[in-house]
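Below: one structure, written as structure tokens.
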Amino acid sequence: MSLRLGDIAPDFEANTTQGTINFHEWLGDSWGMLFSHPSDFTPVCTTELGKTALLQGEFEKRNVKVLAISVDDLDSHNRWIPDINELSNTQVNFPLIADESRKVALLYDMLHPNASEKATVRSVFIIGPDKKIKLTLTYPASTGRNFNEILRVVDSLQLTANYSVATPADWKDGEDVIVVPAVSTEDAQKKFTKGLNIVKPYLRYTPQPNK
Ligand code: BEZ
């Protein structure tokens, strides 16, 4: 069965380019991004892992640990990483799971046989410190993901976990946010001291509370 938002991310032990990882233990109190790519030495995957390595500081700032996976073996991963480093002028410092047995891919429903019999699709799972799944994405092999968009969602997830707000379309960190419907306008006026912009009774903006 596929995994849904709010489910506990399945735990596993896996061989990676940085040794054996027990997933939950490795996550500790951090957020996590587990993302699959179809296979090593392919062009789109090479750009995606390079981009993620370039954004590693942004993931760290948000306390997100990054873990990549494909069904290729460790030897292949270790031969491919220097290419990624060279082509994106970066250093891949996050682990890549070697999932030749497809154990993790099956656990996370990353194999979609009607799209590809052998390779994982481009799945992304964002996992919170409570080990629950906060976001899932599934992209086809032919479309590289936008990792700035993933960081944007992490910003929204981390904000909305702590305040009674939601984020509007195309929101970026620092922009006004929406007061959730569960909070009455009377309570919102007390709670959001930076001000309330009532556009409709059900659409009330306030400046981002943690800025
Ligand atoms: C790629 O990563 O470049 C790729 C993988 C599978 C199909 C198409 C592109």
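Every chain in the structure tokens takes a letter, A first, then B, and so on in the order presented; its residues are numbered from 1, and the ligands are numbered from 1 following the presented order.
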9 Å contact set for A:Leu55, only C-alpha atoms, chain neighbours under 4 positions out, as number ranges by chain
A: 50-51, 59-60, 147-148
Keeping only N, CA and C atoms, write the selected residues as a short mmCIF file (atom, residue, chain, number, x, y, z; two decimals), in the first residue's frame.
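File written: selection30.cif
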```cif
data_model
loop_
_atom_site.label_atom_id
_atom_site.label_comp_id
_atom_site.auth_asym_id
_atom_site.auth_seq_id
_atom_site.Cartn_x
_atom_site.Cartn_y
_atom_site.Cartn_z
N GLY A 50 23.68 16.99 -8.12
CA GLY A 50 24.56 18.15 -8.06
C GLY A 50 23.85 19.33 -7.43
N LYS A 51 22.62 19.56 -7.85
CA LYS A 51 21.85 20.69 -7.32
C LYS A 51 21.61 20.51 -5.82
N PHE A 59 19.63 23.06 3.21
CA PHE A 59 18.97 21.96 3.93
C PHE A 59 19.45 21.94 5.39
N GLU A 60 20.74 22.14 5.58
CA GLU A 60 21.29 22.12 6.96
C GLU A 60 20.70 23.25 7.80
N PHE A 147 14.55 21.69 -6.56
CA PHE A 147 14.90 21.53 -5.14
C PHE A 147 14.69 22.81 -4.34
N ASN A 148 14.64 23.96 -5.04
CA ASN A 148 14.25 25.18 -4.32
C ASN A 148 12.79 25.12 -3.91
#
```
For A:Arg79, list every protein, DNA or RNA residue within 10 Å, evaluated using only C-alpha atoms, and leave out those in the same chain fewer than 5 positions away; present the list as an mmCIF file with N, CA and C atoms, in the first residue's frame.
```
data_model
loop_
_atom_site.group_PDB
_atom_site.id
_atom_site.type_symbol
_atom_site.label_atom_id
_atom_site.label_comp_id
_atom_site.auth_asym_id
_atom_site.auth_seq_id
_atom_site.Cartn_x
_atom_site.Cartn_y
_atom_site.Cartn_z
ATOM 1 N N ASP A 40 22.094 5.547 -11.738
ATOM 2 C CA ASP A 40 23.357 6.281 -11.761
ATOM 3 C C ASP A 40 23.815 6.513 -13.212
ATOM 4 N N PHE A 41 24.682 7.465 -13.389
ATOM 5 C CA PHE A 41 25.260 7.792 -14.693
ATOM 6 C C PHE A 41 24.186 8.130 -15.739
ATOM 7 N N LEU A 74 26.753 0.026 -4.555
ATOM 8 C CA LEU A 74 27.673 0.970 -3.913
ATOM 9 C C LEU A 74 28.848 1.321 -4.822
ATOM 10 N N ILE A 84 29.512 13.871 -10.531
ATOM 11 C CA ILE A 84 28.549 14.877 -10.035
ATOM 12 C C ILE A 84 29.319 16.062 -9.451
#
```
Contacts of A:Gly32 at 6 Å or less, counting only C-alpha atoms, minus same-chain residues fewer than 3 places along, as a PyMOL selection string?
chain A and resi 64-66+126-127
To test your reading of the structure, identify every residue in stretch 49-97 of chain A that backbone DSSP assigns to helix (DSSP H, G or I), and report it as a list in words.
Leu49, Gly50, Lys51, Thr52, Ala53, Leu54, Gln56, Gly57, Glu58, Phe59, Glu60, Lys61, Leu74, Asp75, Ser76, His77, Asn78, Arg79, Trp80, Ile81, Pro82, Asp83, Ile84, Asn85, Glu86, Leu87 and Ser88 of chain A
Write out the residues from the selection above, keeping N, CA, C and O atoms, as a CSV table (one decimal), in the first residue's frame.
```csv
chain,number,residue,atom,x,y,z
A,49,LEU,N,21.4,15.5,-8.3
A,49,LEU,CA,22.2,15.3,-7.2
A,49,LEU,C,23.2,16.4,-7.0
A,49,LEU,O,23.5,16.8,-5.9
A,50,GLY,N,23.7,17.0,-8.1
A,50,GLY,CA,24.6,18.1,-8.1
A,50,GLY,C,23.8,19.3,-7.4
A,50,GLY,O,24.4,20.0,-6.6
A,51,LYS,N,22.6,19.6,-7.9
A,51,LYS,CA,21.9,20.7,-7.3
A,51,LYS,C,21.6,20.5,-5.8
A,51,LYS,O,21.7,21.4,-5.0
A,52,THR,N,21.3,19.3,-5.4
A,52,THR,CA,21.0,19.0,-4.0
A,52,THR,C,22.3,19.3,-3.2
A,52,THR,O,22.3,19.8,-2.1
A,53,ALA,N,23.4,18.9,-3.7
A,53,ALA,CA,24.7,19.1,-3.0
A,53,ALA,C,25.0,20.6,-2.9
A,53,ALA,O,25.4,21.1,-1.9
A,54,LEU,N,24.7,21.3,-4.0
A,54,LEU,CA,24.9,22.8,-3.9
A,54,LEU,C,24.0,23.4,-2.9
A,54,LEU,O,24.3,24.5,-2.3
A,56,GLN,N,23.1,22.0,-0.1
A,56,GLN,CA,23.2,21.3,1.2
A,56,GLN,C,23.2,22.3,2.4
A,56,GLN,O,22.5,22.0,3.4
A,57,GLY,N,23.8,23.4,2.2
A,57,GLY,CA,23.8,24.4,3.3
A,57,GLY,C,22.4,24.9,3.6
A,57,GLY,O,22.1,25.1,4.8
A,58,GLU,N,21.5,25.0,2.6
A,58,GLU,CA,20.1,25.4,2.8
A,58,GLU,C,19.4,24.3,3.6
A,58,GLU,O,18.5,24.6,4.4
A,59,PHE,N,19.6,23.1,3.2
A,59,PHE,CA,19.0,22.0,3.9
A,59,PHE,C,19.5,21.9,5.4
A,59,PHE,O,18.6,21.8,6.3
A,60,GLU,N,20.7,22.1,5.6
A,60,GLU,CA,21.3,22.1,7.0
A,60,GLU,C,20.7,23.2,7.8
A,60,GLU,O,20.4,23.1,9.0
A,61,LYS,N,20.6,24.4,7.2
A,61,LYS,CA,20.0,25.6,7.9
A,61,LYS,C,18.6,25.3,8.5
A,61,LYS,O,18.2,25.8,9.5
A,74,LEU,N,26.8,0.0,-4.6
A,74,LEU,CA,27.7,1.0,-3.9
A,74,LEU,C,28.8,1.3,-4.8
A,74,LEU,O,29.3,2.5,-4.9
A,75,ASP,N,29.3,0.3,-5.5
A,75,ASP,CA,30.5,0.6,-6.4
A,75,ASP,C,30.1,1.6,-7.5
A,75,ASP,O,30.8,2.5,-7.8
A,76,SER,N,28.9,1.4,-8.1
A,76,SER,CA,28.4,2.3,-9.1
A,76,SER,C,28.2,3.8,-8.5
A,76,SER,O,28.7,4.8,-9.1
A,77,HIS,N,27.6,3.8,-7.3
A,77,HIS,CA,27.5,5.2,-6.6
A,77,HIS,C,28.9,5.8,-6.5
A,77,HIS,O,29.0,7.0,-6.8
A,78,ASN,N,29.8,5.0,-6.0
A,78,ASN,CA,31.1,5.6,-5.7
A,78,ASN,C,31.9,6.0,-6.9
A,78,ASN,O,32.7,6.9,-6.9
A,79,ARG,N,31.6,5.4,-8.1
A,79,ARG,CA,32.2,5.8,-9.3
A,79,ARG,C,31.6,7.0,-9.9
A,79,ARG,O,32.2,7.8,-10.6
A,80,TRP,N,30.3,7.2,-9.6
A,80,TRP,CA,29.5,8.3,-10.2
A,80,TRP,C,29.7,9.6,-9.5
A,80,TRP,O,29.7,10.7,-10.1
A,81,ILE,N,29.8,9.5,-8.1
A,81,ILE,CA,29.9,10.8,-7.3
A,81,ILE,C,31.0,11.8,-7.8
A,81,ILE,O,30.7,13.0,-7.9
A,82,PRO,N,32.2,11.3,-8.2
A,82,PRO,CA,33.2,12.3,-8.7
A,82,PRO,C,32.7,13.0,-9.9
A,82,PRO,O,33.0,14.2,-10.1
A,83,ASP,N,31.9,12.4,-10.8
A,83,ASP,CA,31.3,13.1,-12.0
A,83,ASP,C,30.4,14.2,-11.5
A,83,ASP,O,30.4,15.3,-12.0
A,84,ILE,N,29.5,13.9,-10.5
A,84,ILE,CA,28.5,14.9,-10.0
A,84,ILE,C,29.3,16.1,-9.5
A,84,ILE,O,29.0,17.2,-9.7
A,85,ASN,N,30.3,15.7,-8.7
A,85,ASN,CA,31.1,16.8,-8.0
A,85,ASN,C,31.8,17.7,-9.1
A,85,ASN,O,31.8,18.9,-9.0
A,86,GLU,N,32.3,17.0,-10.1
A,86,GLU,CA,33.0,17.8,-11.2
A,86,GLU,C,32.0,18.6,-12.0
A,86,GLU,O,32.3,19.8,-12.2
A,87,LEU,N,30.9,18.1,-12.3
A,87,LEU,CA,30.0,18.8,-13.2
A,87,LEU,C,29.2,19.9,-12.6
A,87,LEU,O,28.9,20.9,-13.2
A,88,SER,N,29.0,19.8,-11.3
A,88,SER,CA,28.3,20.8,-10.5
A,88,SER,C,29.2,21.7,-9.7
A,88,SER,O,28.7,22.5,-8.9
```
Would you tabulate, counting only C-alpha atoms and all ligand atoms, all residues of chain A that have an atom at most 7 Å from an atom of ligand 1, showing the closest pair of atoms and their distance in Å to one decimal, sorted by chain then ascending number, as a Markdown table?
```
| residue | atom | partner | partner_atom_place_in_ligand_line | distance |
| --- | --- | --- | --- | --- |
| A:His37 | CA | ligand 1 | 2 (O) | 7.0 |
| A:Pro38 | CA | ligand 1 | 5 (C) | 5.4 |
| A:Ser39 | CA | ligand 1 | 5 (C) | 6.3 |
| A:Thr42 | CA | ligand 1 | 3 (O) | 4.1 |
| A:Pro43 | CA | ligand 1 | 3 (O) | 3.6 |
| A:Val44 | CA | ligand 1 | 3 (O) | 3.4 |
| A:Cys45 | CA | ligand 1 | 2 (O) | 3.9 |
| A:Thr46 | CA | ligand 1 | 2 (O) | 6.7 |
| A:Ala141 | CA | ligand 1 | 7 (C) | 4.6 |
| A:Ser142 | CA | ligand 1 | 8 (C) | 4.4 |
```
From A:Leu135, A:Ala98, A:Ala68, A:Val153, residue lying nearest A:Thr167 [only C-alpha atoms]
A:Val153
Contacts of A:Ala182 within 12 Å, only C-alpha atoms, excl. fewer than 6 positions in-chain, as a PDB file with N, CA and C atoms, in the first residue's frame:
```pdb
ATOM      1  N   SER A 164      -0.608  29.014  13.962  1.00  0.00           N
ATOM      2  CA  SER A 164      -1.917  28.681  13.367  1.00  0.00           C
ATOM      3  C   SER A 164      -2.089  29.405  12.039  1.00  0.00           C
ATOM      4  N   VAL A 165      -1.159  29.127  11.129  1.00  0.00           N
ATOM      5  CA  VAL A 165      -1.212  29.780   9.815  1.00  0.00           C
ATOM      6  C   VAL A 165      -1.016  28.748   8.712  1.00  0.00           C
ATOM      7  N   ALA A 166      -1.393  29.176   7.503  1.00  0.00           N
ATOM      8  CA  ALA A 166      -1.144  28.388   6.292  1.00  0.00           C
ATOM      9  C   ALA A 166      -0.463  29.336   5.304  1.00  0.00           C
ATOM     10  N   ALA A 188      -7.940  35.857  16.278  1.00  0.00           N
ATOM     11  CA  ALA A 188      -6.798  36.200  15.409  1.00  0.00           C
ATOM     12  C   ALA A 188      -6.309  37.608  15.719  1.00  0.00           C
ATOM     13  N   TYR A 202     -13.188  34.580   5.256  1.00  0.00           N
ATOM     14  CA  TYR A 202     -12.431  33.318   5.321  1.00  0.00           C
ATOM     15  C   TYR A 202     -10.989  33.466   4.808  1.00  0.00           C
ATOM     16  N   LEU A 203     -10.619  34.653   4.376  1.00  0.00           N
ATOM     17  CA  LEU A 203      -9.251  34.864   3.866  1.00  0.00           C
ATOM     18  C   LEU A 203      -8.629  36.055   4.587  1.00  0.00           C
ATOM     19  N   ARG A 204      -7.822  35.708   5.616  1.00  0.00           N
ATOM     20  CA  ARG A 204      -7.253  36.745   6.476  1.00  0.00           C
ATOM     21  C   ARG A 204      -5.736  36.597   6.478  1.00  0.00           C
TER      22      ARG A 204
END
```
Hey, what's within 8 Å of A:Ser123 if we count only C-alpha atoms and toss same-chain stuff fewer than 2 positions away? As a count of residues only, please?
11
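We find atom CA of A:Asp11 and atom CA of A:Tyr108 to be spaced 10.1 Å apart.
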When you count only C-alpha atoms, which of these residues is closest to A:Asp109: A:Ile178, A:Pro209, A:Val124, A:Ser30?
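Nearest candidate to A:Asp109 out of A:Ile178, A:Pro209, A:Val124, A:Ser30: A:Val124.
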Residues near A:Trp171, cut-off 10 Å, only C-alpha atoms, skip fewer than 3 positions along chain, as a list in words
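Neighbouring residues, sequence-local ones excluded: Arg152, Val153, Asp155, Ser156, Ala166, Thr167, Pro168, Gly174, Glu175, Asp176 and Val177 of chain A.
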As number ranges by chain, please: every residue in stretch 60-183 of chain A that a backbone DSSP assignment puts in strand (DSSP E or B).
A: 64-70, 96-98, 111, 120, 122-127, 132-139, 165-166, 177-179
Save the residues we just selected, N, CA and C atoms, as a tab-separated table (two decimals), in the first residue's frame?
```tsv
chain	number	residue	atom	x	y	z
A	64	VAL	N	17.45	19.75	7.98
A	64	VAL	CA	16.94	18.64	7.16
A	64	VAL	C	18.13	17.77	6.73
A	65	LYS	N	18.12	16.50	7.09
A	65	LYS	CA	19.14	15.56	6.62
A	65	LYS	C	18.69	14.99	5.28
A	66	VAL	N	19.62	14.87	4.37
A	66	VAL	CA	19.31	14.45	2.99
A	66	VAL	C	19.84	13.04	2.75
A	67	LEU	N	19.01	12.22	2.13
A	67	LEU	CA	19.38	10.82	1.85
A	67	LEU	C	18.84	10.44	0.47
A	68	ALA	N	19.75	10.10	-0.45
A	68	ALA	CA	19.34	9.72	-1.80
A	68	ALA	C	19.34	8.20	-1.93
A	69	ILE	N	18.60	7.70	-2.91
A	69	ILE	CA	18.51	6.25	-3.10
A	69	ILE	C	18.32	5.91	-4.57
A	70	SER	N	18.97	4.84	-5.01
A	70	SER	CA	18.58	4.20	-6.27
A	70	SER	C	18.89	2.72	-6.12
A	96	LEU	N	24.17	8.16	-0.24
A	96	LEU	CA	23.32	7.54	-1.29
A	96	LEU	C	23.12	6.07	-0.90
A	97	ILE	N	21.89	5.67	-0.80
A	97	ILE	CA	21.59	4.26	-0.49
A	97	ILE	C	21.80	3.40	-1.73
A	98	ALA	N	22.46	2.26	-1.55
A	98	ALA	CA	22.58	1.26	-2.62
A	98	ALA	C	21.51	0.20	-2.36
A	111	LEU	N	8.86	2.03	-6.82
A	111	LEU	CA	8.89	1.32	-8.11
A	111	LEU	C	7.48	1.36	-8.70
A	120	THR	N	13.66	3.07	-10.08
A	120	THR	CA	12.76	3.84	-9.21
A	120	THR	C	12.32	5.12	-9.94
A	122	ARG	N	11.07	9.23	-9.58
A	122	ARG	CA	11.64	10.31	-8.77
A	122	ARG	C	10.69	10.63	-7.63
A	123	SER	N	10.83	9.90	-6.53
A	123	SER	CA	9.99	10.14	-5.35
A	123	SER	C	10.72	11.05	-4.38
A	124	VAL	N	9.95	11.84	-3.64
A	124	VAL	CA	10.51	12.63	-2.53
A	124	VAL	C	9.61	12.43	-1.32
A	125	PHE	N	10.23	12.17	-0.19
A	125	PHE	CA	9.51	12.12	1.08
A	125	PHE	C	10.17	13.11	2.03
A	126	ILE	N	9.39	14.05	2.54
A	126	ILE	CA	9.89	14.91	3.62
A	126	ILE	C	9.32	14.35	4.91
A	127	ILE	N	10.20	14.14	5.87
A	127	ILE	CA	9.82	13.49	7.13
A	127	ILE	C	10.11	14.45	8.28
A	132	LYS	N	6.99	11.38	11.04
A	132	LYS	CA	5.80	11.27	10.18
A	132	LYS	C	6.08	11.91	8.82
A	133	ILE	N	5.42	11.36	7.80
A	133	ILE	CA	5.59	11.86	6.44
A	133	ILE	C	4.80	13.16	6.29
A	134	LYS	N	5.52	14.21	5.87
A	134	LYS	CA	4.90	15.54	5.76
A	134	LYS	C	4.64	15.92	4.31
A	135	LEU	N	5.37	15.33	3.39
A	135	LEU	CA	5.20	15.65	1.97
A	135	LEU	C	5.61	14.44	1.14
A	136	THR	N	4.86	14.18	0.09
A	136	THR	CA	5.31	13.19	-0.91
A	136	THR	C	5.22	13.84	-2.28
A	137	LEU	N	6.17	13.51	-3.13
A	137	LEU	CA	6.16	13.98	-4.52
A	137	LEU	C	6.54	12.80	-5.38
A	138	THR	N	5.94	12.69	-6.54
A	138	THR	CA	6.35	11.65	-7.50
A	138	THR	C	6.49	12.29	-8.86
A	139	TYR	N	7.71	12.30	-9.38
A	139	TYR	CA	7.97	12.87	-10.70
A	139	TYR	C	8.40	11.75	-11.64
A	165	VAL	N	-1.16	29.13	11.13
A	165	VAL	CA	-1.21	29.78	9.81
A	165	VAL	C	-1.02	28.75	8.71
A	166	ALA	N	-1.39	29.18	7.50
A	166	ALA	CA	-1.14	28.39	6.29
A	166	ALA	C	-0.46	29.34	5.30
A	177	VAL	N	1.22	35.53	5.45
A	177	VAL	CA	0.64	34.18	5.53
A	177	VAL	C	-0.85	34.29	5.84
A	178	ILE	N	-1.53	33.17	5.81
A	178	ILE	CA	-2.99	33.13	6.00
A	178	ILE	C	-3.31	32.55	7.37
A	179	VAL	N	-4.23	33.19	8.07
A	179	VAL	CA	-4.68	32.66	9.36
A	179	VAL	C	-5.59	31.46	9.08
```
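With only C-alpha atoms as the atoms that count, the minimum distance from A:Leu34 to the choices A:Ser184, A:Pro10, A:Tyr163, A:Gly195 is reached by A:Pro10.
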Taking only C-alpha atoms into account, which of A:Asn210, A:Trp26, A:Thr20, A:Ser2 comes nearest A:Asn162?
A:Asn210
Rank nothing, just name the residue among A:Lys211, A:Lys118, A:Lys191, A:Lys200 nearest to A:Leu159, using only C-alpha atoms.
A:Lys211
For A:Glu117, which of A:Val71, A:Lys131, A:Pro95, A:Arg4 is the closest residue, counting only C-alpha atoms?
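Using only C-alpha atoms, the shortest distance to A:Glu117 belongs to A:Val71.
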